[in-house]
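Source file: model.cif; contents: mmCIF, C-alpha atoms.
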data_start
loop_
_atom_site.label_atom_id
_atom_site.label_comp_id
_atom_site.auth_asym_id
_atom_site.auth_seq_id
_atom_site.Cartn_x
_atom_site.Cartn_y
_atom_site.Cartn_z
CA MET A 19 364.63 308.79 19.51
CA GLU A 20 367.16 307.32 17.16
CA ARG A 21 365.73 306.37 13.85
CA SER A 22 367.52 304.46 11.19
CA SER A 23 366.49 303.45 7.72
CA ARG A 24 368.35 301.25 5.32
CA ARG A 25 368.12 304.00 2.73
CA PRO A 26 369.73 307.43 2.86
CA ARG A 27 367.49 310.38 3.67
CA VAL A 28 366.51 312.72 0.88
CA ALA A 29 367.95 316.19 1.26
CA GLY A 30 365.81 319.35 1.20
CA GLY A 31 364.91 320.48 -2.29
CA ASP A 32 367.94 319.18 -4.14
CA PRO A 33 367.81 316.40 -6.70
CA VAL A 34 369.39 313.23 -5.33
CA VAL A 35 373.01 312.71 -6.34
CA PRO A 36 373.79 309.08 -7.11
CA PRO A 37 376.68 307.58 -5.17
CA VAL A 38 377.94 305.72 -8.26
CA ALA A 39 380.61 306.88 -10.68
CA ALA A 40 379.44 304.92 -13.72
CA PRO A 41 377.05 306.71 -16.07
CA GLU A 42 373.48 306.08 -15.04
CA SER A 43 371.04 304.44 -17.41
CA ARG A 44 367.57 305.87 -17.97
CA GLY A 45 366.04 302.94 -16.09
CA GLU A 46 368.36 303.47 -13.14
CA ARG A 47 367.58 307.16 -13.02
CA LYS A 48 363.87 306.45 -13.11
CA GLU A 49 364.18 303.90 -10.30
CA ARG A 50 366.24 306.32 -8.25
CA THR A 51 363.63 309.07 -8.55
CA ARG A 52 360.88 306.59 -7.69
CA ARG A 53 362.82 305.58 -4.57
CA ALA A 54 363.34 309.24 -3.66
CA ILE A 55 359.58 309.87 -3.95
CA LEU A 56 358.83 306.89 -1.68
CA ASP A 57 361.43 307.98 0.91
CA ALA A 58 360.34 311.62 0.87
CA THR A 59 356.73 310.52 1.40
CA LEU A 60 357.64 308.31 4.37
CA GLU A 61 359.46 311.25 5.88
CA LEU A 62 356.90 313.95 5.05
CA CYS A 63 353.87 312.16 6.42
CA GLU A 64 355.67 311.16 9.61
CA ASP A 65 353.91 313.75 11.75
CA SER A 66 350.88 313.92 9.55
CA SER A 67 349.17 311.45 7.21
CA LEU A 68 348.92 310.67 3.52
CA VAL A 69 345.51 312.37 3.43
CA ALA A 70 347.15 315.65 4.44
CA LEU A 71 349.97 315.35 1.94
CA SER A 72 349.96 317.31 -1.33
CA LEU A 73 351.63 316.19 -4.52
CA ARG A 74 353.50 319.50 -4.52
CA GLN A 75 355.00 318.83 -1.08
CA VAL A 76 356.29 315.48 -2.29
CA THR A 77 357.83 316.76 -5.50
CA LYS A 78 359.36 319.71 -3.66
CA GLY A 79 360.88 317.30 -1.15
CA VAL A 80 362.43 315.26 -3.95
CA GLY A 81 363.44 318.21 -6.12
CA ILE A 82 361.43 317.39 -9.22
CA VAL A 83 358.72 319.34 -11.03
CA PRO A 84 355.15 318.35 -10.05
CA THR A 85 354.31 316.89 -13.47
CA ALA A 86 357.29 314.50 -13.20
CA PHE A 87 355.44 312.77 -10.36
CA TYR A 88 353.05 311.13 -12.82
CA ARG A 89 355.86 309.26 -14.56
CA HIS A 90 356.02 307.18 -11.39
CA PHE A 91 352.63 307.19 -9.71
CA ASP A 92 349.06 307.95 -10.76
CA SER A 93 348.17 309.69 -7.52
CA ILE A 94 349.11 310.10 -3.86
CA GLU A 95 346.85 307.12 -3.18
CA ASP A 96 348.74 305.02 -5.74
CA LEU A 97 351.99 306.07 -4.06
CA GLY A 98 350.48 305.02 -0.71
CA LEU A 99 349.61 301.59 -2.10
CA ALA A 100 353.22 301.15 -3.27
CA LEU A 101 354.41 301.96 0.26
CA VAL A 102 351.97 299.42 1.73
CA GLU A 103 353.33 296.79 -0.67
CA GLU A 104 356.90 297.63 0.29
CA SER A 105 356.21 297.74 4.04
CA PHE A 106 354.57 294.33 4.06
CA ALA A 107 357.37 292.84 1.96
CA SER A 108 359.70 293.77 4.82
CA LEU A 109 357.20 292.49 7.39
CA ARG A 110 357.01 289.10 5.66
CA GLU A 111 360.81 289.04 5.73
CA MET A 112 360.57 289.57 9.49
CA LEU A 113 358.07 286.73 9.86
CA ARG A 114 360.38 284.42 7.90
CA ASP A 115 363.11 285.31 10.39
CA VAL A 116 360.82 284.26 13.24
CA ARG A 117 359.92 280.98 11.52
CA ARG A 118 363.56 280.23 10.87
CA SER A 119 364.28 280.58 14.60
CA ASP A 120 364.10 277.75 17.11
CA PRO A 121 360.45 276.69 17.33
CA THR A 122 360.24 275.60 20.98
CA TYR A 123 357.49 277.40 22.88
CA GLN A 124 359.66 279.49 25.19
CA ASN A 125 362.04 280.42 22.41
CA ILE A 126 359.38 281.23 19.87
CA ILE A 127 357.97 283.87 22.21
CA ASP A 128 361.32 285.41 23.11
CA SER A 129 362.60 285.41 19.55
CA SER A 130 359.33 286.77 18.10
CA VAL A 131 359.39 289.75 20.44
CA LYS A 132 363.11 290.29 19.81
CA VAL A 133 362.76 290.13 16.02
CA LEU A 134 359.74 292.47 16.15
CA GLY A 135 361.67 295.03 18.21
CA GLU A 136 364.64 294.88 15.83
CA HIS A 137 362.52 295.32 12.73
CA VAL A 138 360.51 298.18 14.21
CA HIS A 139 363.84 299.99 14.55
CA SER A 140 365.53 299.03 11.30
CA GLN A 141 362.29 299.66 9.37
CA HIS A 142 361.02 302.46 11.61
CA ASP A 143 359.54 304.62 8.86
CA HIS A 144 357.65 301.76 7.24
CA PHE A 145 356.20 300.55 10.55
CA ALA A 146 355.19 304.10 11.50
CA PHE A 147 353.60 304.53 8.08
CA ILE A 148 351.51 301.35 8.46
CA ALA A 149 350.53 302.11 12.08
CA ARG A 150 349.25 305.52 11.04
CA GLU A 151 347.72 304.92 7.61
CA ARG A 152 346.00 301.76 8.87
CA VAL A 153 343.43 303.97 10.59
CA ALA A 154 344.03 307.43 9.14
CA GLY A 155 344.99 306.81 5.51
CA PRO A 156 342.88 307.21 2.36
CA PRO A 157 340.17 304.49 2.16
CA ALA A 158 341.99 302.45 -0.54
CA VAL A 159 345.21 302.48 1.51
CA ARG A 160 343.36 301.45 4.67
CA ALA A 161 341.71 298.59 2.76
CA ALA A 162 345.07 297.44 1.34
CA ILE A 163 346.62 297.38 4.82
CA ARG A 164 343.63 295.50 6.24
CA HIS A 165 343.98 292.95 3.44
CA GLN A 166 347.71 292.48 4.11
CA ILE A 167 347.13 292.05 7.84
CA GLU A 168 344.48 289.42 7.06
CA LEU A 169 347.03 287.55 4.96
CA VAL A 170 349.48 287.63 7.87
CA GLU A 171 346.73 286.34 10.20
CA ARG A 172 345.90 283.51 7.81
CA GLU A 173 349.57 282.48 7.55
CA LEU A 174 349.91 282.54 11.33
CA ALA A 175 346.71 280.48 11.68
CA ALA A 176 348.28 277.88 9.36
CA ASP A 177 351.41 277.84 11.56
CA LEU A 178 349.26 277.48 14.67
CA ALA A 179 347.38 274.57 13.08
CA ARG A 180 350.65 272.64 13.01
CA LEU A 181 351.32 273.39 16.70
CA THR A 182 347.85 272.61 18.08
CA ASP A 183 345.72 269.50 18.42
CA PRO A 184 342.93 269.40 15.80
CA GLU A 185 340.87 267.49 18.33
CA TYR A 186 340.64 270.62 20.47
CA TRP A 187 340.97 273.45 17.95
CA SER A 188 338.49 274.34 15.21
CA THR A 189 339.73 276.18 12.11
CA GLU A 190 337.62 279.20 13.11
CA ASP A 191 339.11 279.36 16.59
CA LEU A 192 342.65 279.16 15.20
CA GLN A 193 341.79 282.18 13.05
CA VAL A 194 340.46 284.01 16.13
CA LEU A 195 343.59 283.11 18.11
CA SER A 196 345.76 284.32 15.24
CA ASN A 197 343.85 287.61 15.11
CA MET A 198 344.38 288.07 18.84
CA ILE A 199 348.13 287.47 18.56
CA VAL A 200 348.45 289.82 15.57
CA THR A 201 346.37 292.50 17.36
CA SER A 202 348.62 292.19 20.40
CA MET A 203 351.75 292.49 18.22
CA VAL A 204 350.28 295.54 16.44
CA GLY A 205 349.69 297.02 19.92
CA THR A 206 353.30 296.26 20.87
CA THR A 207 354.54 297.89 17.66
CA GLU A 208 352.51 301.03 18.34
CA ALA A 209 353.79 301.11 21.92
CA ILE A 210 357.43 300.87 20.76
CA LEU A 211 356.88 303.56 18.13
CA SER A 212 355.47 306.03 20.65
CA ALA A 213 357.68 305.15 23.62
CA ARG A 214 360.86 306.69 24.92
CA PRO A 215 363.84 304.33 24.44
CA GLU A 216 364.11 303.64 28.18
CA ALA A 217 360.54 302.27 28.22
CA GLU A 218 361.22 299.74 25.52
CA GLN A 219 362.43 296.94 27.72
CA ALA A 220 359.20 297.09 29.75
CA ILE A 221 357.16 296.98 26.53
CA ALA A 222 359.06 293.90 25.35
CA GLU A 223 358.56 292.23 28.74
CA GLN A 224 354.83 292.99 28.56
CA ALA A 225 354.66 291.56 25.00
CA ARG A 226 356.37 288.36 26.15
CA THR A 227 354.04 287.96 29.13
CA GLN A 228 351.00 288.52 26.91
CA LEU A 229 352.13 285.86 24.46
CA ARG A 230 352.72 283.52 27.40
CA MET A 231 349.19 284.22 28.69
CA VAL A 232 347.80 283.50 25.23
CA LEU A 233 349.83 280.30 25.12
CA VAL A 234 348.55 279.16 28.53
CA GLY A 235 345.02 279.83 27.30
CA ALA A 236 345.71 277.95 24.06
CA LEU A 237 347.03 274.90 25.90
CA HIS A 238 343.76 274.63 27.84
CA TRP A 239 341.40 275.60 25.03
CA ARG A 240 338.68 273.29 23.76
CA SER A 241 336.66 274.55 20.79
CA THR A 242 332.95 273.99 21.29
CA GLY A 243 331.23 271.55 18.93
CA LEU A 244 334.36 269.45 18.36
CA GLY A 245 335.12 265.81 19.22
CA MET B 6 326.79 302.45 6.89
CA GLU B 7 324.28 304.06 9.16
CA ARG B 8 325.82 306.50 11.51
CA SER B 9 324.04 308.18 14.32
CA SER B 10 325.13 310.75 16.83
CA ARG B 11 323.25 312.08 19.79
CA ARG B 12 323.75 315.58 18.47
CA PRO B 13 322.38 317.08 15.27
CA ARG B 14 324.78 317.51 12.39
CA VAL B 15 325.98 320.99 11.58
CA ALA B 16 324.73 322.25 8.23
CA GLY B 17 327.12 323.57 5.54
CA GLY B 18 328.12 327.16 6.16
CA ASP B 19 325.06 328.34 8.04
CA PRO B 20 325.07 329.43 11.64
CA VAL B 21 323.31 326.92 13.85
CA VAL B 22 319.69 327.78 14.62
CA PRO B 23 318.74 326.94 18.19
CA PRO B 24 315.69 324.70 18.59
CA VAL B 25 314.41 326.74 21.55
CA ALA B 26 311.90 329.55 21.48
CA ALA B 27 313.04 331.36 24.62
CA PRO B 28 315.59 334.13 24.19
CA GLU B 29 319.09 332.75 24.48
CA SER B 30 321.52 334.03 27.07
CA ARG B 31 325.07 334.96 26.18
CA GLY B 32 326.37 331.90 28.01
CA GLU B 33 323.96 329.62 26.17
CA ARG B 34 324.96 331.10 22.83
CA LYS B 35 328.62 330.64 23.63
CA GLU B 36 328.06 327.02 24.65
CA ARG B 37 326.06 326.37 21.48
CA THR B 38 328.85 327.72 19.27
CA ARG B 39 331.41 325.68 21.21
CA ARG B 40 329.29 322.56 20.65
CA ALA B 41 328.97 323.42 16.95
CA ILE B 42 332.76 323.72 16.64
CA LEU B 43 333.24 320.33 18.34
CA ASP B 44 330.65 318.65 16.10
CA ALA B 45 331.94 320.25 12.91
CA THR B 46 335.45 319.06 13.78
CA LEU B 47 334.30 315.49 14.40
CA GLU B 48 332.62 315.53 11.02
CA LEU B 49 335.36 317.34 9.10
CA CYS B 50 338.21 315.13 10.18
CA GLU B 51 336.24 311.95 9.59
CA ASP B 52 338.08 311.07 6.37
CA SER B 53 341.19 312.93 7.34
CA SER B 54 342.84 313.84 10.64
CA LEU B 55 343.19 316.77 13.00
CA VAL B 56 346.68 317.40 11.64
CA ALA B 57 345.20 318.06 8.20
CA LEU B 58 342.47 320.34 9.49
CA SER B 59 342.73 324.12 9.19
CA LEU B 60 341.11 326.56 11.56
CA ARG B 61 339.44 328.16 8.52
CA GLN B 62 337.77 324.86 7.52
CA VAL B 63 336.33 324.53 11.02
CA THR B 64 334.99 328.06 11.25
CA LYS B 65 333.58 327.82 7.72
CA GLY B 66 331.83 324.57 8.71
CA VAL B 67 330.25 326.28 11.72
CA GLY B 68 329.51 329.58 10.00
CA ILE B 69 331.56 331.88 12.23
CA VAL B 70 334.44 334.20 11.40
CA PRO B 71 337.92 332.68 11.98
CA THR B 72 338.79 335.03 14.83
CA ALA B 73 335.67 333.91 16.74
CA PHE B 74 337.31 330.49 17.09
CA TYR B 75 339.66 331.83 19.76
CA ARG B 76 336.82 332.72 22.08
CA HIS B 77 336.42 328.96 22.53
CA PHE B 78 339.75 327.27 21.89
CA ASP B 79 343.40 328.33 21.82
CA SER B 80 344.26 326.16 18.83
CA ILE B 81 343.22 323.12 16.79
CA GLU B 82 345.26 321.06 19.24
CA ASP B 83 343.36 322.52 22.19
CA LEU B 84 340.11 321.68 20.38
CA GLY B 85 341.45 318.13 19.87
CA LEU B 86 342.15 317.80 23.58
CA ALA B 87 338.56 318.85 24.37
CA LEU B 88 337.31 316.14 22.02
CA VAL B 89 339.55 313.55 23.74
CA GLU B 90 338.11 314.60 27.10
CA GLU B 91 334.55 314.32 25.80
CA SER B 92 335.14 310.98 24.04
CA PHE B 93 336.55 309.36 27.14
CA ALA B 94 333.76 310.74 29.30
CA SER B 95 331.38 308.72 27.11
CA LEU B 96 333.71 305.71 27.20
CA ARG B 97 333.75 305.75 30.99
CA GLU B 98 329.97 305.87 30.91
CA MET B 99 330.09 302.74 28.77
CA LEU B 100 332.41 301.00 31.23
CA ARG B 101 330.06 301.87 34.07
CA ASP B 102 327.29 300.18 32.06
CA VAL B 103 329.43 297.04 31.82
CA ARG B 104 330.19 297.07 35.55
CA ARG B 105 326.52 297.53 36.38
CA SER B 106 325.70 294.40 34.36
CA ASP B 107 325.61 290.87 35.79
CA PRO B 108 329.19 290.01 36.76
CA THR B 109 329.21 286.26 36.12
CA TYR B 110 332.00 285.19 33.75
CA GLN B 111 329.86 284.16 30.77
CA ASN B 112 327.63 287.18 31.10
CA ILE B 113 330.43 289.67 31.60
CA ILE B 114 331.91 288.68 28.24
CA ASP B 115 328.63 288.75 26.34
CA SER B 116 327.47 292.00 27.89
CA SER B 117 330.86 293.72 27.45
CA VAL B 118 330.89 292.97 23.73
CA LYS B 119 327.24 293.98 23.41
CA VAL B 120 327.72 297.27 25.24
CA LEU B 121 330.86 298.03 23.22
CA GLY B 122 329.01 297.44 19.93
CA GLU B 123 326.13 299.66 21.03
CA HIS B 124 328.38 302.51 22.10
CA VAL B 125 330.50 302.34 18.94
CA HIS B 126 327.26 303.03 17.05
CA SER B 127 325.65 305.61 19.30
CA GLN B 128 328.98 307.42 19.72
CA HIS B 129 330.34 306.59 16.27
CA ASP B 130 332.05 309.93 15.61
CA HIS B 131 333.81 309.99 18.97
CA PHE B 132 335.06 306.41 18.63
CA ALA B 133 336.25 307.08 15.06
CA PHE B 134 337.98 310.23 16.28
CA ILE B 135 339.86 308.36 19.01
CA ALA B 136 340.76 305.41 16.76
CA ARG B 137 342.26 307.78 14.22
CA GLU B 138 343.89 310.48 16.36
CA ARG B 139 345.36 307.86 18.69
CA VAL B 140 347.99 307.14 16.03
CA ALA B 141 347.66 310.02 13.55
CA GLY B 142 346.80 313.05 15.68
CA PRO B 143 349.03 315.91 16.83
CA PRO B 144 351.58 314.73 19.45
CA ALA B 145 349.75 316.33 22.41
CA VAL B 146 346.46 314.71 21.36
CA ARG B 147 348.13 311.31 20.92
CA ALA B 148 349.68 311.65 24.39
CA ALA B 149 346.32 312.60 25.94
CA ILE B 150 344.64 309.55 24.37
CA ARG B 151 347.47 307.28 25.53
CA HIS B 152 347.06 308.66 29.05
CA GLN B 153 343.29 308.07 29.03
CA ILE B 154 343.71 304.50 27.77
CA GLU B 155 346.23 303.89 30.55
CA LEU B 156 343.65 305.07 33.08
CA VAL B 157 341.10 302.65 31.62
CA GLU B 158 343.68 299.85 31.83
CA ARG B 159 344.44 300.67 35.45
CA GLU B 160 340.73 300.66 36.34
CA LEU B 161 340.26 297.33 34.60
CA ALA B 162 343.31 295.91 36.40
CA ALA B 163 341.68 296.92 39.71
CA ASP B 164 338.47 295.12 38.64
CA LEU B 165 340.49 292.05 37.65
CA ALA B 166 342.24 292.07 41.03
CA ARG B 167 338.87 291.48 42.66
CA LEU B 168 338.13 288.55 40.31
CA THR B 169 341.49 286.75 40.54
CA ASP B 170 343.43 284.94 43.24
CA PRO B 171 346.30 287.07 44.59
CA GLU B 172 348.15 283.83 45.24
CA TYR B 173 348.48 283.31 41.50
CA TRP B 174 348.42 286.84 40.10
CA SER B 175 351.03 289.54 40.61
CA THR B 176 350.02 293.20 40.30
CA GLU B 177 352.27 293.52 37.24
CA ASP B 178 350.65 290.57 35.48
CA LEU B 179 347.16 291.94 36.15
CA GLN B 180 348.28 295.14 34.45
CA VAL B 181 349.60 293.14 31.48
CA LEU B 182 346.34 291.16 31.29
CA SER B 183 344.36 294.38 31.42
CA ASN B 184 346.46 295.85 28.61
CA MET B 185 345.83 292.75 26.51
CA ILE B 186 342.06 292.96 27.03
CA VAL B 187 341.99 296.69 26.26
CA THR B 188 344.16 296.17 23.14
CA SER B 189 341.79 293.45 21.98
CA MET B 190 338.76 295.71 22.57
CA VAL B 191 340.46 298.57 20.69
CA GLY B 192 341.01 296.10 17.84
CA THR B 193 337.33 295.11 17.96
CA THR B 194 336.32 298.78 17.90
CA GLU B 195 338.50 299.45 14.86
CA ALA B 196 337.10 296.37 13.13
CA ILE B 197 333.50 297.49 13.74
CA LEU B 198 334.30 301.01 12.52
CA SER B 199 335.77 299.77 9.25
CA ALA B 200 333.39 296.86 8.62
CA ARG B 201 330.27 296.56 6.53
CA PRO B 202 327.18 296.12 8.75
CA GLU B 203 326.74 292.48 7.68
CA ALA B 204 330.21 291.63 9.02
CA GLU B 205 329.47 292.96 12.46
CA GLN B 206 328.03 289.81 13.94
CA ALA B 207 331.18 287.88 13.02
CA ILE B 208 333.33 290.60 14.64
CA ALA B 209 331.28 290.40 17.85
CA GLU B 210 331.58 286.60 17.84
CA GLN B 211 335.33 286.88 17.39
CA ALA B 212 335.54 289.39 20.25
CA ARG B 213 333.61 287.04 22.54
CA THR B 214 335.80 284.07 21.64
CA GLN B 215 338.96 286.13 22.25
CA LEU B 216 337.75 287.20 25.68
CA ARG B 217 336.93 283.56 26.44
CA MET B 218 340.44 282.53 25.36
CA VAL B 219 341.91 285.23 27.61
CA LEU B 220 339.69 283.99 30.44
CA VAL B 221 340.80 280.37 29.99
CA GLY B 222 344.42 281.57 30.05
CA ALA B 223 343.73 283.66 33.15
CA LEU B 224 342.16 280.73 35.01
CA HIS B 225 345.34 278.68 34.50
CA TRP B 226 347.85 281.48 35.00
CA ARG B 227 350.48 281.45 37.70
CA SER B 228 352.68 284.54 37.98
CA THR B 229 356.34 283.61 38.39
CA GLY B 230 358.00 284.52 41.66
CA LEU B 231 354.77 284.31 43.68
CA GLY B 232 353.81 281.98 46.52
#

For this file, produce the structure as structure tokens.
Amino acid sequence: MERSSRRPRVAGGDPVVPPVAAPESRGERKERTRRAILDATLELCEDSSLVALSLRQVTKGVGIVPTAFYRHFDSIEDLGLALVEESFASLREMLRDVRRSDPTYQNIIDSSVKVLGEHVHSQHDHFAFIARERVAGPPAVRAAIRHQIELVERELAADLARLTDPEYWSTEDLQVLSNMIVTSMVGTTEAILSARPEAEQAIAEQARTQLRMVLVGALHWRSTGLG
Amino acid sequence: MERSSRRPRVAGGDPVVPPVAAPESRGERKERTRRAILDATLELCEDSSLVALSLRQVTKGVGIVPTAFYRHFDSIEDLGLALVEESFASLREMLRDVRRSDPTYQNIIDSSVKVLGEHVHSQHDHFAFIARERVAGPPAVRAAIRHQIELVERELAADLARLTDPEYWSTEDLQVLSNMIVTSMVGTTEAILSARPEAEQAIAEQARTQLRMVLVGALHWRSTGLG
């Protein structure tokens, strides 16, 4: 499977060589090492999990001495929380892309699935990290991911409130609908991450049909206890 | 959180003492050790994952010498596959319970959610194992879980075929609907596993509402290209 990341991969045990000619400031060097630690961690826990990762593996991957780690992070868990932060920053960027797109019903489904597929590829390592650590990470990391997903669900519920009739939809049911859509999209993401490239079109088609089914349900939904 | 399992927990490093008075046959002893290895593994990888588990940790947990492990399993992966097999055997039992229940629409939703909640508690360790290893386990274990979930989806699609009008529902769309329901139930399972007990009623209510939304969508669905 082809995997691309916006940032260059960290080589074996060598310190990272900066691609710039100008002398590097102390702040720049620190930021570069921090970045290298984050990238090495994404790569190292790809077939494992943060809970199985040792500080020594990380520092060896970056080419720094173990004690240097603590200039950047307090612990592996702290490093995990930084990766959660970063991953969801890119996810929110994705959601802004979807909102910017044409908001007719048919288009919103097609463009959502398209944008999701594109981001899962361009941000493969971050999506794989979240998919895995969401259920298998250290407790604090799992809680942080849960919290971020809840924020996404709340934002989507607010979007849905603008698209639905308040006469038929209670605030609670919009939240439930939002959770269902997000759960379905998480499922789609996991399916893309574990699928062979040739299966991807079928996964996208399934995701579109599911969103259409949800939409058909939504158009006929009447919350109980309203009106 | 209270967690119960049908089988007794394995104590620290001590060999398991059988609760029977009669002399134990060689086959019985072998089966008991195998069971102890399975249980110790479920417990040991609870806050971690199979990929982080060493053979030595397992044998130490059971109180056997490392080489004795190979009398029962070829590898940690092989042990993982046995746990997948066992977990889905209990899941299929759960699904039979749902099918045995009253198949009216309202009741099928309420009883499905109820049965799911009950099984997540009585089989907590197996459900937690599947939820975690599904995304974070060794590749062969992840593939085995994916395969088992596909079988569940196919069975559910066959059930749904009996409940829907073939004039409106294509075979492909029934499969997509089934996937959506299973994904939603996996989400509910994960939510129960990570929730505080007082949040569980709200999770069950959300699961019921989601199934109702899916049902409303299903009742108004028309597959394209049919009829």

Nearby residues (only C-alpha atoms) at most 8 Å from stretch 145-155 of chain A, same-chain spacing under 4 positions excluded, as a PDB file with C-alpha atoms, keeping the file's coordinate frame:
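Writing done, so here's around.pdb:
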ATOM      1  CA  LEU A  60     357.640 308.310   4.370  1.00  0.00           C
ATOM      2  CA  CYS A  63     353.870 312.160   6.420  1.00  0.00           C
ATOM      3  CA  GLU A  64     355.670 311.160   9.610  1.00  0.00           C
ATOM      4  CA  SER A  67     349.170 311.450   7.210  1.00  0.00           C
ATOM      5  CA  LEU A  68     348.920 310.670   3.520  1.00  0.00           C
ATOM      6  CA  VAL A  69     345.510 312.370   3.430  1.00  0.00           C
ATOM      7  CA  VAL A 102     351.970 299.420   1.730  1.00  0.00           C
ATOM      8  CA  SER A 105     356.210 297.740   4.040  1.00  0.00           C
ATOM      9  CA  VAL A 138     360.510 298.180  14.210  1.00  0.00           C
ATOM     10  CA  GLN A 141     362.290 299.660   9.370  1.00  0.00           C
ATOM     11  CA  VAL A 159     345.210 302.480   1.510  1.00  0.00           C
ATOM     12  CA  ARG A 160     343.360 301.450   4.670  1.00  0.00           C
ATOM     13  CA  ILE A 163     346.620 297.380   4.820  1.00  0.00           C
ATOM     14  CA  ARG A 164     343.630 295.500   6.240  1.00  0.00           C
ATOM     15  CA  VAL A 204     350.280 295.540  16.440  1.00  0.00           C
ATOM     16  CA  THR A 207     354.540 297.890  17.660  1.00  0.00           C
ATOM     17  CA  GLU A 208     352.510 301.030  18.340  1.00  0.00           C
ATOM     18  CA  LEU A 211     356.880 303.560  18.130  1.00  0.00           C
TER      19      LEU A 211
ATOM     20  CA  ASP B  52     338.080 311.070   6.370  1.00  0.00           C
ATOM     21  CA  SER B  53     341.190 312.930   7.340  1.00  0.00           C
ATOM     22  CA  SER B  54     342.840 313.840  10.640  1.00  0.00           C
ATOM     23  CA  ALA B 136     340.760 305.410  16.760  1.00  0.00           C
ATOM     24  CA  ARG B 137     342.260 307.780  14.220  1.00  0.00           C
ATOM     25  CA  GLU B 138     343.890 310.480  16.360  1.00  0.00           C
ATOM     26  CA  VAL B 140     347.990 307.140  16.030  1.00  0.00           C
ATOM     27  CA  ALA B 141     347.660 310.020  13.550  1.00  0.00           C
ATOM     28  CA  GLU B 195     338.500 299.450  14.860  1.00  0.00           C
TER      29      GLU B 195
END

Have a look at B:Ile81, B:Leu179, B:Ile208, B:Ala200 and name the one nearest to B:Ala57; count only C-alpha atoms.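 The closest residue to B:Ala57 is B:Ile81.
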
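Nearest to A:Trp239 of all the residues A:Gln166, A:Ser130, A:Thr51, A:Ser188 is A:Ser188, counting all atoms listed in the file.
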
Expressed in Å, the length from atom CA of A:Arg114 to atom CA of A:Ile199 is 16.5 Å

In Å, with one decimal, what is the gap from atom CA of B:Ala73 to atom CA of B:Ala149?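 Taking atom CA of B:Ala73 and atom CA of B:Ala149, their separation equals 25.5 Å.
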
Could you state which residues are captured by the PyMOL selection byres ((chain A and resi 189) around 10) in this file, as a ChimeraX atom specification? /A:175-176,178-179,184,187-188,190-195,241

Could you spell out the hits of the PyMOL selection byres ((chain A and resi 74-76) around 12) on the shown file, as a VMD selection string? chain A and resid 28 30 to 31 51 to 52 54 to 63 68 70 to 73 77 to 88 91 93 to 94 97

Dump of C-alpha atoms for the selected residues, as a PDB file, in the frame of the given file:
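Saved as selection.pdb:
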ATOM      1  CA  VAL A  28     366.510 312.720   0.880  1.00  0.00           C
ATOM      2  CA  GLY A  30     365.810 319.350   1.200  1.00  0.00           C
ATOM      3  CA  GLY A  31     364.910 320.480  -2.290  1.00  0.00           C
ATOM      4  CA  THR A  51     363.630 309.070  -8.550  1.00  0.00           C
ATOM      5  CA  ARG A  52     360.880 306.590  -7.690  1.00  0.00           C
ATOM      6  CA  ALA A  54     363.340 309.240  -3.660  1.00  0.00           C
ATOM      7  CA  ILE A  55     359.580 309.870  -3.950  1.00  0.00           C
ATOM      8  CA  LEU A  56     358.830 306.890  -1.680  1.00  0.00           C
ATOM      9  CA  ASP A  57     361.430 307.980   0.910  1.00  0.00           C
ATOM     10  CA  ALA A  58     360.340 311.620   0.870  1.00  0.00           C
ATOM     11  CA  THR A  59     356.730 310.520   1.400  1.00  0.00           C
ATOM     12  CA  LEU A  60     357.640 308.310   4.370  1.00  0.00           C
ATOM     13  CA  GLU A  61     359.460 311.250   5.880  1.00  0.00           C
ATOM     14  CA  LEU A  62     356.900 313.950   5.050  1.00  0.00           C
ATOM     15  CA  CYS A  63     353.870 312.160   6.420  1.00  0.00           C
ATOM     16  CA  LEU A  68     348.920 310.670   3.520  1.00  0.00           C
ATOM     17  CA  ALA A  70     347.150 315.650   4.440  1.00  0.00           C
ATOM     18  CA  LEU A  71     349.970 315.350   1.940  1.00  0.00           C
ATOM     19  CA  SER A  72     349.960 317.310  -1.330  1.00  0.00           C
ATOM     20  CA  LEU A  73     351.630 316.190  -4.520  1.00  0.00           C
ATOM     21  CA  THR A  77     357.830 316.760  -5.500  1.00  0.00           C
ATOM     22  CA  LYS A  78     359.360 319.710  -3.660  1.00  0.00           C
ATOM     23  CA  GLY A  79     360.880 317.300  -1.150  1.00  0.00           C
ATOM     24  CA  VAL A  80     362.430 315.260  -3.950  1.00  0.00           C
ATOM     25  CA  GLY A  81     363.440 318.210  -6.120  1.00  0.00           C
ATOM     26  CA  ILE A  82     361.430 317.390  -9.220  1.00  0.00           C
ATOM     27  CA  VAL A  83     358.720 319.340 -11.030  1.00  0.00           C
ATOM     28  CA  PRO A  84     355.150 318.350 -10.050  1.00  0.00           C
ATOM     29  CA  THR A  85     354.310 316.890 -13.470  1.00  0.00           C
ATOM     30  CA  ALA A  86     357.290 314.500 -13.200  1.00  0.00           C
ATOM     31  CA  PHE A  87     355.440 312.770 -10.360  1.00  0.00           C
ATOM     32  CA  TYR A  88     353.050 311.130 -12.820  1.00  0.00           C
ATOM     33  CA  PHE A  91     352.630 307.190  -9.710  1.00  0.00           C
ATOM     34  CA  SER A  93     348.170 309.690  -7.520  1.00  0.00           C
ATOM     35  CA  ILE A  94     349.110 310.100  -3.860  1.00  0.00           C
ATOM     36  CA  LEU A  97     351.990 306.070  -4.060  1.00  0.00           C
TER      37      LEU A  97
END

Compare A:Ala161, A:Gln219, A:Ile167, A:Glu185 by their minimum atom-to-atom distance to chain B, counting all atoms listed in the file, and give me the closest one.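 Of A:Ala161, A:Gln219, A:Ile167, A:Glu185, the one nearest chain B is A:Ala161, counting all atoms listed in the file.
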